[in-house]
$ cat target.cif   # mmCIF, C-alpha atoms
data_coords
loop_
_atom_site.group_PDB
_atom_site.id
_atom_site.type_symbol
_atom_site.label_atom_id
_atom_site.label_comp_id
_atom_site.auth_asym_id
_atom_site.auth_seq_id
_atom_site.Cartn_x
_atom_site.Cartn_y
_atom_site.Cartn_z
ATOM 1 C CA MET J 1 -20.087 -21.632 33.906
ATOM 2 C CA THR J 2 -17.430 -23.807 35.478
ATOM 3 C CA MET J 3 -15.720 -26.776 33.873
ATOM 4 C CA PHE J 4 -16.200 -28.914 36.987
ATOM 5 C CA LYS J 5 -19.292 -29.424 39.127
ATOM 6 C CA ASN J 6 -18.309 -31.792 41.933
ATOM 7 C CA ILE J 7 -15.058 -30.970 43.705
ATOM 8 C CA GLY J 8 -13.424 -33.332 46.182
ATOM 9 C CA LEU J 9 -10.912 -32.224 48.813
ATOM 10 C CA ILE J 10 -8.104 -34.282 50.357
ATOM 11 C CA THR J 11 -5.545 -32.840 52.752
ATOM 12 C CA LYS J 12 -2.294 -33.848 54.348
ATOM 13 C CA ARG J 13 -2.773 -35.134 57.869
ATOM 14 C CA ASN J 14 -1.440 -33.409 60.975
ATOM 15 C CA ASP J 15 -0.079 -30.306 59.276
ATOM 16 C CA ALA J 16 -0.610 -26.865 60.785
ATOM 17 C CA GLN J 17 -0.460 -25.142 57.378
ATOM 18 C CA VAL J 18 -3.316 -27.188 55.961
ATOM 19 C CA LYS J 19 -6.160 -25.685 58.007
ATOM 20 C CA LYS J 20 -5.597 -22.115 56.814
ATOM 21 C CA CYS J 21 -5.136 -23.193 53.188
ATOM 22 C CA LEU J 22 -8.267 -25.354 53.343
ATOM 23 C CA GLU J 23 -10.371 -22.506 54.732
ATOM 24 C CA ILE J 24 -9.246 -20.161 51.946
ATOM 25 C CA LEU J 25 -9.894 -22.818 49.312
ATOM 26 C CA VAL J 26 -13.407 -23.689 50.508
ATOM 27 C CA LYS J 27 -14.406 -20.031 50.800
ATOM 28 C CA PHE J 28 -13.219 -19.495 47.228
ATOM 29 C CA LEU J 29 -14.992 -22.570 45.820
ATOM 30 C CA LEU J 30 -18.302 -21.746 47.496
ATOM 31 C CA LYS J 31 -18.513 -18.583 45.395
ATOM 32 C CA TYR J 32 -18.870 -20.813 42.352
ATOM 33 C CA GLN J 33 -21.851 -22.709 43.822
ATOM 34 C CA LEU J 34 -20.105 -26.045 43.408
ATOM 35 C CA ASP J 35 -20.826 -29.285 45.227
ATOM 36 C CA ILE J 36 -17.880 -29.687 47.578
ATOM 37 C CA LEU J 37 -17.068 -33.045 49.128
ATOM 38 C CA ILE J 38 -14.360 -33.733 51.671
ATOM 39 C CA ASP J 39 -13.082 -36.951 53.205
ATOM 40 C CA ALA J 40 -13.738 -37.426 56.914
ATOM 41 C CA PRO J 41 -10.106 -37.175 58.119
ATOM 42 C CA SER J 42 -9.671 -33.871 56.261
ATOM 43 C CA ALA J 43 -13.010 -32.567 57.575
ATOM 44 C CA GLU J 44 -11.682 -32.837 61.132
ATOM 45 C CA LEU J 45 -9.470 -29.834 60.358
ATOM 46 C CA PHE J 46 -12.418 -27.733 59.347
ATOM 47 C CA SER J 47 -15.287 -26.304 61.384
ATOM 48 C CA GLN J 48 -17.622 -25.643 58.455
ATOM 49 C CA THR J 49 -20.613 -27.991 58.538
ATOM 50 C CA ASP J 50 -22.289 -27.456 55.165
ATOM 51 C CA LEU J 51 -19.777 -29.580 53.225
ATOM 52 C CA ASN J 52 -20.584 -33.107 52.113
ATOM 53 C CA ILE J 53 -18.409 -35.436 54.167
ATOM 54 C CA VAL J 54 -17.519 -38.869 52.791
ATOM 55 C CA PRO J 55 -15.916 -41.610 54.918
ATOM 56 C CA ASN J 56 -12.566 -41.789 53.116
ATOM 57 C CA SER J 57 -10.588 -40.475 50.154
ATOM 58 C CA GLU J 58 -11.549 -43.324 47.833
ATOM 59 C CA ALA J 59 -15.235 -42.482 48.251
ATOM 60 C CA LEU J 60 -14.576 -39.223 46.384
ATOM 61 C CA GLY J 61 -13.671 -41.104 43.204
ATOM 62 C CA SER J 62 -17.172 -42.060 42.074
ATOM 63 C CA ARG J 63 -18.743 -38.709 43.001
ATOM 64 C CA CYS J 64 -16.244 -36.071 41.853
ATOM 65 C CA ASP J 65 -14.885 -34.921 38.507
ATOM 66 C CA LEU J 66 -12.016 -33.018 40.146
ATOM 67 C CA VAL J 67 -10.172 -33.763 43.384
ATOM 68 C CA ILE J 68 -7.928 -31.064 44.874
ATOM 69 C CA VAL J 69 -5.111 -32.366 47.061
ATOM 70 C CA ILE J 70 -3.584 -30.032 49.664
ATOM 71 C CA GLY J 71 -0.208 -31.238 50.857
ATOM 72 C CA GLY J 72 2.972 -32.498 49.285
ATOM 73 C CA ASP J 73 3.778 -35.055 46.628
ATOM 74 C CA GLY J 74 3.304 -37.857 49.151
ATOM 75 C CA THR J 75 -0.308 -36.837 49.742
ATOM 76 C CA LEU J 76 -0.966 -36.718 46.004
ATOM 77 C CA LEU J 77 0.717 -40.087 45.466
ATOM 78 C CA GLN J 78 -1.586 -41.662 48.034
ATOM 79 C CA ALA J 79 -4.626 -40.056 46.402
ATOM 80 C CA ALA J 80 -3.522 -41.287 42.969
ATOM 81 C CA ARG J 81 -3.196 -44.879 44.189
ATOM 82 C CA LEU J 82 -6.701 -44.775 45.649
ATOM 83 C CA LEU J 83 -8.429 -42.944 42.793
ATOM 84 C CA ALA J 84 -6.755 -44.440 39.709
ATOM 85 C CA LYS J 85 -9.732 -46.754 39.127
ATOM 86 C CA TYR J 86 -12.068 -43.754 38.741
ATOM 87 C CA ASP J 87 -12.470 -41.173 35.986
ATOM 88 C CA VAL J 88 -11.350 -38.221 38.075
ATOM 89 C CA ARG J 89 -8.745 -35.500 37.655
ATOM 90 C CA LEU J 90 -6.235 -34.561 40.356
ATOM 91 C CA LEU J 91 -4.928 -31.090 41.134
ATOM 92 C CA GLY J 92 -2.196 -30.525 43.726
ATOM 93 C CA VAL J 93 -1.657 -27.528 46.022
ATOM 94 C CA ASN J 94 1.883 -27.740 47.335
ATOM 95 C CA LEU J 95 2.515 -27.468 51.066
ATOM 96 C CA GLY J 96 5.446 -29.861 50.934
ATOM 97 C CA ARG J 97 9.085 -29.443 49.970
ATOM 98 C CA LEU J 98 9.843 -30.377 46.351
ATOM 99 C CA GLY J 99 6.423 -30.432 44.733
ATOM 100 C CA PHE J 100 7.041 -32.187 41.409
ATOM 101 C CA LEU J 101 3.360 -33.217 41.288
ATOM 102 C CA THR J 102 1.693 -30.596 43.484
ATOM 103 C CA ASP J 103 2.640 -27.574 41.439
ATOM 104 C CA ILE J 104 0.310 -24.796 42.683
ATOM 105 C CA CYS J 105 1.619 -22.702 45.564
ATOM 106 C CA PRO J 106 -0.955 -21.475 48.120
ATOM 107 C CA ASN J 107 -0.265 -17.807 47.359
ATOM 108 C CA ALA J 108 -1.301 -18.259 43.713
ATOM 109 C CA MET J 109 -4.067 -20.774 44.407
ATOM 110 C CA LYS J 110 -7.095 -18.548 43.767
ATOM 111 C CA LYS J 111 -5.699 -17.128 40.529
ATOM 112 C CA TYR J 112 -4.906 -20.526 39.058
ATOM 113 C CA LEU J 113 -8.144 -22.099 40.272
ATOM 114 C CA ALA J 114 -10.225 -19.391 38.628
ATOM 115 C CA ASP J 115 -8.602 -20.258 35.297
ATOM 116 C CA ILE J 116 -8.880 -24.004 35.849
ATOM 117 C CA LEU J 117 -12.569 -23.859 36.772
ATOM 118 C CA SER J 118 -13.223 -21.930 33.561
ATOM 119 C CA GLY J 119 -11.488 -24.608 31.500
ATOM 120 C CA LEU J 120 -8.036 -23.076 31.128
ATOM 121 C CA PHE J 121 -5.649 -25.852 32.132
ATOM 122 C CA ILE J 122 -3.348 -28.587 30.876
ATOM 123 C CA GLU J 123 -4.224 -32.272 31.286
ATOM 124 C CA GLU J 124 -1.536 -34.909 31.664
ATOM 125 C CA ASN J 125 -2.008 -38.669 31.882
ATOM 126 C CA ARG J 126 0.365 -40.578 34.151
ATOM 127 C CA PHE J 127 0.358 -44.366 34.377
ATOM 128 C CA LEU J 128 0.722 -46.416 37.535
ATOM 129 C CA LEU J 129 2.360 -49.773 38.209
ATOM 130 C CA SER J 130 0.891 -52.841 39.860
ATOM 131 C CA ALA J 131 2.923 -55.395 41.794
ATOM 132 C CA GLN J 132 1.709 -58.896 42.606
ATOM 133 C CA ALA J 133 3.688 -61.064 45.007
ATOM 134 C CA TYR J 134 3.611 -64.844 44.526
ATOM 135 C CA ARG J 135 4.577 -67.666 46.872
ATOM 136 C CA ASP J 136 4.315 -71.262 45.667
ATOM 137 C CA ASN J 137 2.582 -69.913 42.514
ATOM 138 C CA GLN J 138 -0.182 -68.338 44.595
ATOM 139 C CA CYS J 139 -0.657 -64.566 44.611
ATOM 140 C CA PHE J 140 -0.686 -63.499 48.239
ATOM 141 C CA SER J 141 -0.224 -59.724 48.057
ATOM 142 C CA TYR J 142 -0.873 -56.771 45.744
ATOM 143 C CA CYS J 143 -0.048 -53.076 45.634
ATOM 144 C CA ASN J 144 0.039 -50.225 43.124
ATOM 145 C CA ALA J 145 2.220 -47.144 42.766
ATOM 146 C CA LEU J 146 2.485 -43.953 40.746
ATOM 147 C CA ASN J 147 6.202 -43.412 41.402
ATOM 148 C CA ASP J 148 7.832 -46.782 41.867
ATOM 149 C CA ILE J 149 7.758 -50.360 43.057
ATOM 150 C CA THR J 150 10.798 -51.318 45.097
ATOM 151 C CA ILE J 151 12.203 -54.488 46.566
ATOM 152 C CA HIS J 152 14.603 -53.758 49.393
ATOM 153 C CA ARG J 153 16.697 -55.643 51.905
ATOM 154 C CA GLY J 154 14.770 -53.921 54.691
ATOM 155 C CA ASN J 155 16.356 -54.450 58.101
ATOM 156 C CA MET J 156 18.737 -57.164 56.954
ATOM 157 C CA SER J 157 22.401 -56.401 57.574
ATOM 158 C CA HIS J 158 23.450 -58.197 54.385
ATOM 159 C CA MET J 159 22.592 -57.687 50.739
ATOM 160 C CA LEU J 160 19.581 -58.945 48.855
ATOM 161 C CA ILE J 161 20.065 -61.655 46.209
ATOM 162 C CA PHE J 162 17.538 -61.561 43.374
ATOM 163 C CA GLU J 163 17.034 -62.323 39.698
ATOM 164 C CA THR J 164 15.386 -60.014 37.169
ATOM 165 C CA MET J 165 13.296 -61.229 34.219
ATOM 166 C CA ILE J 166 11.783 -59.007 31.510
ATOM 167 C CA ASP J 167 9.014 -60.460 29.333
ATOM 168 C CA GLY J 168 10.182 -63.938 30.297
ATOM 169 C CA HIS J 169 13.815 -63.261 29.385
ATOM 170 C CA PHE J 170 16.480 -63.630 32.063
ATOM 171 C CA VAL J 171 18.348 -60.338 32.550
ATOM 172 C CA ASN J 172 20.683 -60.837 35.502
ATOM 173 C CA CYS J 173 21.228 -62.026 39.044
ATOM 174 C CA GLN J 174 22.336 -59.365 41.491
ATOM 175 C CA ARG J 175 23.514 -58.789 45.015
ATOM 176 C CA ALA J 176 22.436 -55.336 46.124
ATOM 177 C CA ASP J 177 20.390 -53.397 48.643
ATOM 178 C CA GLY J 178 17.448 -53.686 46.260
ATOM 179 C CA LEU J 179 15.916 -52.601 42.972
ATOM 180 C CA VAL J 180 13.676 -49.664 42.002
ATOM 181 C CA VAL J 181 11.233 -50.160 39.121
ATOM 182 C CA SER J 182 10.111 -46.632 38.318
ATOM 183 C CA THR J 183 7.601 -44.904 36.069
ATOM 184 C CA PRO J 184 8.601 -41.651 34.356
ATOM 185 C CA THR J 185 6.738 -39.875 37.173
ATOM 186 C CA GLY J 186 8.967 -41.585 39.727
ATOM 187 C CA SER J 187 12.189 -40.970 37.816
ATOM 188 C CA THR J 188 12.728 -37.795 39.878
ATOM 189 C CA ALA J 189 12.165 -39.639 43.167
ATOM 190 C CA TYR J 190 13.932 -42.698 44.653
ATOM 191 C CA ALA J 191 15.231 -43.792 41.245
ATOM 192 C CA LEU J 192 17.022 -40.465 40.814
ATOM 193 C CA SER J 193 18.601 -40.754 44.264
ATOM 194 C CA ALA J 194 19.854 -44.217 43.308
ATOM 195 C CA GLY J 195 21.550 -42.859 40.176
ATOM 196 C CA GLY J 196 18.828 -43.313 37.572
ATOM 197 C CA PRO J 197 18.029 -41.007 34.631
ATOM 198 C CA ILE J 198 15.262 -38.414 34.503
ATOM 199 C CA ILE J 199 12.583 -39.583 32.078
ATOM 200 C CA HIS J 200 10.061 -37.202 30.510
ATOM 201 C CA PRO J 201 6.580 -37.998 31.879
ATOM 202 C CA GLY J 202 5.179 -38.318 28.370
ATOM 203 C CA LEU J 203 7.331 -41.353 27.560
ATOM 204 C CA ASN J 204 5.985 -44.899 27.696
ATOM 205 C CA ALA J 205 8.974 -46.233 29.584
ATOM 206 C CA LEU J 206 10.149 -47.816 32.812
ATOM 207 C CA VAL J 207 13.541 -47.514 34.444
ATOM 208 C CA LEU J 208 15.144 -50.254 36.551
ATOM 209 C CA VAL J 209 17.726 -48.888 38.985
ATOM 210 C CA THR J 210 19.730 -51.122 41.288
ATOM 211 C CA ILE J 211 20.264 -49.788 44.809
ATOM 212 C CA CYS J 212 23.912 -50.024 45.936
ATOM 213 C CA PRO J 213 24.860 -52.944 43.667
ATOM 214 C CA HIS J 214 27.822 -55.145 44.603
ATOM 215 C CA THR J 215 29.364 -54.704 41.160
ATOM 216 C CA LEU J 216 30.795 -51.843 39.127
ATOM 217 C CA THR J 217 28.995 -52.919 35.948
ATOM 218 C CA SER J 218 25.411 -52.420 37.101
ATOM 219 C CA ARG J 219 23.730 -49.559 35.260
ATOM 220 C CA PRO J 220 20.142 -48.232 35.087
ATOM 221 C CA LEU J 221 18.068 -49.960 32.422
ATOM 222 C CA VAL J 222 15.290 -48.171 30.494
ATOM 223 C CA ILE J 223 12.654 -50.451 28.950
ATOM 224 C CA ASP J 224 9.247 -50.258 27.289
ATOM 225 C CA ALA J 225 6.519 -49.604 29.839
ATOM 226 C CA ASP J 226 4.379 -52.395 28.415
ATOM 227 C CA SER J 227 6.988 -54.946 29.517
ATOM 228 C CA CYS J 228 6.387 -57.424 32.313
ATOM 229 C CA VAL J 229 9.110 -57.307 34.967
ATOM 230 C CA GLU J 230 9.585 -60.263 37.316
ATOM 231 C CA LEU J 231 11.815 -60.208 40.364
ATOM 232 C CA HIS J 232 12.742 -63.512 42.023
ATOM 233 C CA ILE J 233 14.103 -63.570 45.563
ATOM 234 C CA ALA J 234 16.896 -66.177 45.571
ATOM 235 C CA LEU J 235 16.350 -69.364 47.528
ATOM 236 C CA GLU J 236 19.759 -68.920 49.156
ATOM 237 C CA GLN J 237 18.676 -65.514 50.474
ATOM 238 C CA ARG J 238 18.851 -65.261 54.266
ATOM 239 C CA GLY J 239 16.179 -63.190 56.004
ATOM 240 C CA GLU J 240 13.182 -61.201 54.825
ATOM 241 C CA ALA J 241 13.005 -58.580 52.081
ATOM 242 C CA GLN J 242 10.451 -55.810 51.618
ATOM 243 C CA LEU J 243 8.099 -54.962 48.773
ATOM 244 C CA ASN J 244 7.283 -51.240 48.742
ATOM 245 C CA GLY J 245 4.899 -49.163 46.633
ATOM 246 C CA ASP J 246 5.708 -45.429 46.538
ATOM 247 C CA GLY J 247 7.836 -45.886 49.636
ATOM 248 C CA ALA J 248 5.072 -47.536 51.676
ATOM 249 C CA LEU J 249 5.596 -51.084 52.926
ATOM 250 C CA CYS J 250 3.339 -53.453 51.026
ATOM 251 C CA GLN J 251 4.566 -56.922 51.931
ATOM 252 C CA THR J 252 7.390 -58.885 53.528
ATOM 253 C CA LEU J 253 9.053 -61.249 51.053
ATOM 254 C CA MET J 254 10.693 -64.599 51.766
ATOM 255 C CA PRO J 255 13.314 -66.596 49.822
ATOM 256 C CA GLY J 256 11.696 -68.080 46.720
ATOM 257 C CA ASP J 257 9.015 -65.387 46.411
ATOM 258 C CA ARG J 258 8.574 -63.606 43.111
ATOM 259 C CA VAL J 259 7.087 -60.221 42.265
ATOM 260 C CA VAL J 260 5.374 -59.456 38.947
ATOM 261 C CA ILE J 261 5.312 -55.766 37.983
ATOM 262 C CA LYS J 262 3.204 -54.384 35.146
ATOM 263 C CA LYS J 263 1.840 -51.115 33.840
ATOM 264 C CA TYR J 264 -1.494 -50.464 35.466
ATOM 265 C CA GLN J 265 -4.198 -47.800 35.350
ATOM 266 C CA HIS J 266 -3.831 -44.094 34.568
ATOM 267 C CA ILE J 267 -4.502 -40.963 36.546
ATOM 268 C CA THR J 268 -5.099 -37.537 35.007
ATOM 269 C CA LEU J 269 -3.215 -34.603 36.516
ATOM 270 C CA ILE J 270 -4.339 -31.022 36.048
ATOM 271 C CA HIS J 271 -1.737 -28.267 35.640
ATOM 272 C CA PRO J 272 -2.190 -24.503 35.219
ATOM 273 C CA GLN J 273 -1.776 -23.133 31.735
ATOM 274 C CA GLY J 274 1.860 -22.411 31.047
ATOM 275 C CA HIS J 275 3.041 -25.411 33.046
ATOM 276 C CA ASP J 276 6.515 -26.383 31.843
ATOM 277 C CA HIS J 277 8.116 -29.668 32.920
ATOM 278 C CA TYR J 278 11.612 -28.345 32.315
ATOM 279 C CA ALA J 279 10.934 -25.229 34.362
ATOM 280 C CA THR J 280 9.848 -27.521 37.190
ATOM 281 C CA LEU J 281 13.099 -29.465 36.911
ATOM 282 C CA ARG J 282 15.134 -26.262 36.953
ATOM 283 C CA ALA J 283 13.365 -25.008 40.049
ATOM 284 C CA LYS J 284 13.180 -28.231 42.028
ATOM 285 C CA LEU J 285 16.663 -29.549 41.187
ATOM 286 C CA ASP J 286 18.342 -26.143 41.485
ATOM 287 C CA TRP J 287 19.489 -26.123 37.874
ATOM 288 C CA SER J 288 18.921 -22.372 37.646
ATOM 289 C CA LYS J 289 21.714 -21.554 40.085
ATOM 290 C CA SER J 290 24.352 -19.374 38.424
ATOM 291 C CA ILE J 291 27.737 -20.951 37.802
#
$ encode --input "target.cif" --output "structure tokens"
Amino acid sequence: MTMFKNIGLITKRNDAQVKKCLEILVKFLLKYQLDILIDAPSAELFSQTDLNIVPNSEALGSRCDLVIVIGGDGTLLQAARLLAKYDVRLLGVNLGRLGFLTDICPNAMKKYLADILSGLFIEENRFLLSAQAYRDNQCFSYCNALNDITIHRGNMSHMLIFETMIDGHFVNCQRADGLVVSTPTGSTAYALSAGGPIIHPGLNALVLVTICPHTLTSRPLVIDADSCVELHIALEQRGEAQLNGDGALCQTLMPGDRVVIKKYQHITLIHPQGHDHYATLRAKLDWSKSI
């Protein structure tokens, strides 16, 4: 008897590797007599007609207890943003480069899936962030993110001027290329590239990392994840800024706009038994290289 009954499938778009991996996966899952659902864009890669096709990835959330994502971390991030409102687990098969979140390689897929379907796996809860953009005290845009919310100077040739508030307390006013507000999940992504610390995914924390600050005293700031972070675009700012969620453009910001960032919903990730976060860091960040 399998742990899961309704399995959803989401794949990376326009990737030649995906079709072969998807065919192997479906053939394997059909042996378990499971209900398999696939979103319409992913189904275009596949000639098999006896799968249940749903119009989009979000439609899998209310009908599946496990969703398998074939692709890279970007594909899983997108799935997490769409499915966070549902009680569904996510499992990633890595066809990308780094694979911090999609930690099953295609060659070992059948072995690990056999264990996972029989109930041998590790569950891990990861929280998301929400960002609401306000103009004249009216919310005009919203986005969510598993990795990070970022304000960025975008295409402007000059720096962004903004103020940061935490739980109503003024922190600082900065000139910089932008600011990354990252979850522990995102601490190995953009925040790391900007000089931030790596935070264990089990911690209830956020990290604020300034991008190319125009001062030598700016340092990453780690705060409680239940804090409310507000970013105010200065009135003297010239040009438009960008609000991004997990690297995707959410909204263009104008001088005087403010962004409110808070901890949001959770998503549950599935890992094979024996999953080790530190082993992942060693492999992905090349820490195991001999010195």
$ resolve_selection --input "target.cif" --expression "the PyMOL selection byres ((chain J and resi 90-103) around 8)" --output "list in words"
Gln17, Val18, Leu66, Val67, Ile68, Val69, Ile70, Gly71, Gly72, Asp73, Leu76, Ala80, Val88, Arg89, Ile104, Cys105, Pro106, Met109, Ile267, Thr268, Leu269, Ile270, His271, Thr280 and Lys284 of chain J
$ residues_around --input "target.cif" --residues "stretch 235-241 of chain J" --least-positions-apart "4" --cutoff "12 Å" --atoms "all atoms listed in the file" --output "ChimeraX atom specification"
/J:133,135,150-163,174-179,231,249-259
$ residues_around --input "target.cif" --residues "stretch 110-117 of chain J" --least-positions-apart "6" --cutoff "8 Å" --atoms "all atoms listed in the file" --output "mmCIF file with C-alpha atoms, in the coordinates of the input"
data_model
loop_
_atom_site.group_PDB
_atom_site.id
_atom_site.type_symbol
_atom_site.label_atom_id
_atom_site.label_comp_id
_atom_site.auth_asym_id
_atom_site.auth_seq_id
_atom_site.Cartn_x
_atom_site.Cartn_y
_atom_site.Cartn_z
ATOM 1 C CA THR J 2 -17.430 -23.807 35.478
ATOM 2 C CA MET J 3 -15.720 -26.776 33.873
ATOM 3 C CA PHE J 4 -16.200 -28.914 36.987
ATOM 4 C CA LEU J 25 -9.894 -22.818 49.312
ATOM 5 C CA PHE J 28 -13.219 -19.495 47.228
ATOM 6 C CA ILE J 104 0.310 -24.796 42.683
ATOM 7 C CA PRO J 272 -2.190 -24.503 35.219
#
$ closest_residue --input "target.cif" --among "J:Lys262, J:Lys85, J:Arg126, J:Lys27" --to "J:Leu203" --atoms "only C-alpha atoms"
J:Arg126
$ closest_residue --input "target.cif" --among "J:His277, J:Leu37, J:Tyr32, J:Asn14" --to "J:Ser118" --atoms "all atoms listed in the file"
J:Tyr32
